[in-house]
Amino acid sequence: MLKDKLNQINKYLKSLKTCKFELLDTKGTFLSIEKYKCYLNNGKTIIREKILKEGIDGNAVIILAVTDNKEFILNIEPRVFTKETIDIGLPAGYIEEGETPVESAQRELLEETGYIAENFIPLGNFYQDQGCSGAYNYYFLATNCHKVKDQNLDEDEFVKYILVNYDELNWLFDNNYIKGLNSAYAILKGKKLVKKIKEREE
C-alpha cells in the first residue's frame, strides 16, 4: 500500500516541481518591507526591518486533518524557493480580515481539499519568524473530516492532496518527505492527541 502512495506522491511532486525561474521585478506586490528605528528601555536603539504580506503581518492557520476513515490529508504544492521547489505538507493558509483562526481553518481546509471537519482542536499558537515578522500561526487538529465538494483554488494556486494512514504519515515524516517546520510541528503535536483519541476509542 505504501508503495502505491509513494508512486502517487512522486507523480504529484514531479508535476508541480518548478522547472524554470524568470526574474520579473525586484519589488514584489505580495511582500513588502518596513524599516524601523526601535528604542529600548535601556536607552539603546536598534534598526530592524519587518516583512509584511499584502500590508499585514500574515497570520496563518495550519491544519492536521484526520478523516472519518482515520486517514490524514497531506497537500503537495509548489514551494518554489525551497531547494526542491516543491513541498509535502498540511492544509494551511492566511487568516483573512474579519476571520477568527477557526473560521480561517474551516475555509482553508474546504478550499484546498473539499473537506469539512466536525471538530477543530487547538494545538498551539506560535510566531513564525519573530526576527523579521509579526506573523502568528495557529495550529489545529481537525477530526472526523469528510469530503463535501471539489477543491476551490485560486487561479495561481496548484494543490494536490493525498490521504495516508497513521503508519504512512509516520514513515513520510521520519524519511524527510515532510520538511516544512509548520507542518512538522502540527504533526508532532497532533499525533500525540490522535493516539490518545485512538486509544480511547479502542
# chains A, B, ... in the order shown; residues from 1 in each chain; ligands from 1
>>> select_by_dssp(residues="stretch 16-83 of chain A", states="strand (DSSP E or B)", output="PDB file with C-alpha atoms, in the first residue's frame")
ATOM      1  CA  LEU A  31       5.713  41.098   0.171  1.00  0.00           C
ATOM      2  CA  SER A  32       6.919  44.472   1.392  1.00  0.00           C
ATOM      3  CA  ILE A  33       9.448  45.601   3.972  1.00  0.00           C
ATOM      4  CA  GLU A  34       9.185  48.379   6.564  1.00  0.00           C
ATOM      5  CA  LYS A  35      12.315  49.712   8.257  1.00  0.00           C
ATOM      6  CA  TYR A  36      12.128  50.828  11.908  1.00  0.00           C
ATOM      7  CA  LYS A  37      14.335  52.525  14.438  1.00  0.00           C
ATOM      8  CA  CYS A  38      13.449  50.815  17.721  1.00  0.00           C
ATOM      9  CA  TYR A  39      14.022  52.460  21.105  1.00  0.00           C
ATOM     10  CA  THR A  45      18.354  51.909  19.726  1.00  0.00           C
ATOM     11  CA  ILE A  46      18.347  49.173  17.090  1.00  0.00           C
ATOM     12  CA  ILE A  47      17.396  49.166  13.421  1.00  0.00           C
ATOM     13  CA  ARG A  48      15.094  46.351  12.300  1.00  0.00           C
ATOM     14  CA  GLU A  49      13.197  45.507   9.125  1.00  0.00           C
ATOM     15  CA  LYS A  50       9.730  43.964   9.165  1.00  0.00           C
ATOM     16  CA  ILE A  51       8.290  41.779   6.419  1.00  0.00           C
ATOM     17  CA  LEU A  52       4.622  42.383   5.577  1.00  0.00           C
ATOM     18  CA  LYS A  53       2.367  40.209   3.444  1.00  0.00           C
ATOM     19  CA  ILE A  56      -0.288  42.965   7.130  1.00  0.00           C
ATOM     20  CA  ALA A  60      -1.855  31.863   9.316  1.00  0.00           C
ATOM     21  CA  VAL A  61      -3.503  28.551  10.203  1.00  0.00           C
ATOM     22  CA  ILE A  62      -2.079  25.056   9.777  1.00  0.00           C
ATOM     23  CA  ILE A  63      -4.432  22.073   9.905  1.00  0.00           C
ATOM     24  CA  LEU A  64      -3.654  18.444  10.738  1.00  0.00           C
ATOM     25  CA  ALA A  65      -6.811  16.957   9.245  1.00  0.00           C
ATOM     26  CA  VAL A  66      -7.981  13.405  10.027  1.00  0.00           C
ATOM     27  CA  THR A  67     -10.835  11.906   8.023  1.00  0.00           C
ATOM     28  CA  PHE A  72      -4.554  12.168   7.248  1.00  0.00           C
ATOM     29  CA  ILE A  73      -4.774  14.772   4.478  1.00  0.00           C
ATOM     30  CA  LEU A  74      -1.440  15.883   3.024  1.00  0.00           C
ATOM     31  CA  ASN A  75      -1.057  18.646   0.444  1.00  0.00           C
ATOM     32  CA  ILE A  76       1.520  18.673  -2.320  1.00  0.00           C
ATOM     33  CA  GLU A  77       2.170  22.084  -3.835  1.00  0.00           C
ATOM     34  CA  PRO A  78       4.875  24.305  -5.325  1.00  0.00           C
TER      35      PRO A  78
END
>>> select_by_dssp(residues="stretch 33-197 of chain A", states="alpha helix (DSSP H)", output="number ranges by chain")
A: 101-113, 166-174, 181-197
>>> write_last_selection(atoms="C-alpha atoms", output="mmCIF file, in the first residue's frame")
data_model
loop_
_atom_site.group_PDB
_atom_site.id
_atom_site.type_symbol
_atom_site.label_atom_id
_atom_site.label_comp_id
_atom_site.auth_asym_id
_atom_site.auth_seq_id
_atom_site.Cartn_x
_atom_site.Cartn_y
_atom_site.Cartn_z
ATOM 1 C CA PRO A 101 -8.496 31.434 13.381
ATOM 2 C CA VAL A 102 -11.083 28.630 13.467
ATOM 3 C CA GLU A 103 -13.106 30.240 10.673
ATOM 4 C CA SER A 104 -9.939 30.545 8.627
ATOM 5 C CA ALA A 105 -9.054 26.886 9.259
ATOM 6 C CA GLN A 106 -12.540 25.807 8.163
ATOM 7 C CA ARG A 107 -12.322 27.879 4.973
ATOM 8 C CA GLU A 108 -8.792 26.825 4.038
ATOM 9 C CA LEU A 109 -9.498 23.126 4.585
ATOM 10 C CA LEU A 110 -12.622 23.324 2.431
ATOM 11 C CA GLU A 111 -10.977 25.367 -0.344
ATOM 12 C CA GLU A 112 -7.821 23.272 -0.598
ATOM 13 C CA THR A 113 -9.321 19.804 -0.160
ATOM 14 C CA TYR A 166 -1.146 6.777 10.622
ATOM 15 C CA ASP A 167 1.776 4.479 9.790
ATOM 16 C CA GLU A 168 2.238 6.037 6.344
ATOM 17 C CA LEU A 169 2.272 9.530 7.863
ATOM 18 C CA ASN A 170 4.942 8.423 10.335
ATOM 19 C CA TRP A 171 7.023 6.897 7.550
ATOM 20 C CA LEU A 172 6.825 10.026 5.384
ATOM 21 C CA PHE A 173 7.705 12.193 8.378
ATOM 22 C CA ASP A 174 10.600 10.001 9.533
ATOM 23 C CA LEU A 181 8.526 23.383 10.073
ATOM 24 C CA ASN A 182 4.869 24.411 10.376
ATOM 25 C CA SER A 183 3.651 21.033 9.144
ATOM 26 C CA ALA A 184 6.242 19.176 11.227
ATOM 27 C CA TYR A 185 5.195 20.982 14.387
ATOM 28 C CA ALA A 186 1.489 20.317 13.841
ATOM 29 C CA ILE A 187 2.182 16.635 13.149
ATOM 30 C CA LEU A 188 4.329 16.213 16.257
ATOM 31 C CA LYS A 189 1.766 17.950 18.464
ATOM 32 C CA GLY A 190 -1.241 16.359 16.799
ATOM 33 C CA LYS A 191 -0.034 12.762 16.686
ATOM 34 C CA LYS A 192 0.009 12.554 20.473
ATOM 35 C CA LEU A 193 -3.578 13.708 20.626
ATOM 36 C CA VAL A 194 -4.614 11.404 17.772
ATOM 37 C CA LYS A 195 -3.031 8.474 19.590
ATOM 38 C CA LYS A 196 -4.984 9.295 22.751
ATOM 39 C CA ILE A 197 -8.227 9.506 20.764
#
>>> residues_around(residues="A:Thr82", least_positions_apart="5", cutoff="12 Å", atoms="only C-alpha atoms", output="list of chain:residue names")
A:Lys17, A:Thr18, A:Glu77, A:Asp87, A:Ile88, A:Lys179, A:Gly180
>>> write_last_selection(atoms="C-alpha atoms", output="PDB file, in the first residue's frame")
ATOM      1  CA  LYS A  17       8.076  20.968  -9.453  1.00  0.00           C
ATOM      2  CA  THR A  18       9.433  24.306 -10.716  1.00  0.00           C
ATOM      3  CA  GLU A  77       2.170  22.084  -3.835  1.00  0.00           C
ATOM      4  CA  ASP A  87       6.595  20.550  -0.734  1.00  0.00           C
ATOM      5  CA  ILE A  88       4.512  17.941   1.040  1.00  0.00           C
ATOM      6  CA  LYS A 179      10.226  19.278   5.537  1.00  0.00           C
ATOM      7  CA  GLY A 180       8.223  22.393   6.425  1.00  0.00           C
TER       8      GLY A 180
END
>>> residues_around(residues="stretch 135-140 of chain A", least_positions_apart="5", cutoff="6 Å", atoms="only C-alpha atoms", output="VMD selection string")
chain A and resid 57 to 63 120 to 128
>>> closest_residue(among="A:Leu153, A:Cys145, A:Val159, A:Leu90", to="A:Ser15", atoms="only C-alpha atoms")
A:Val159
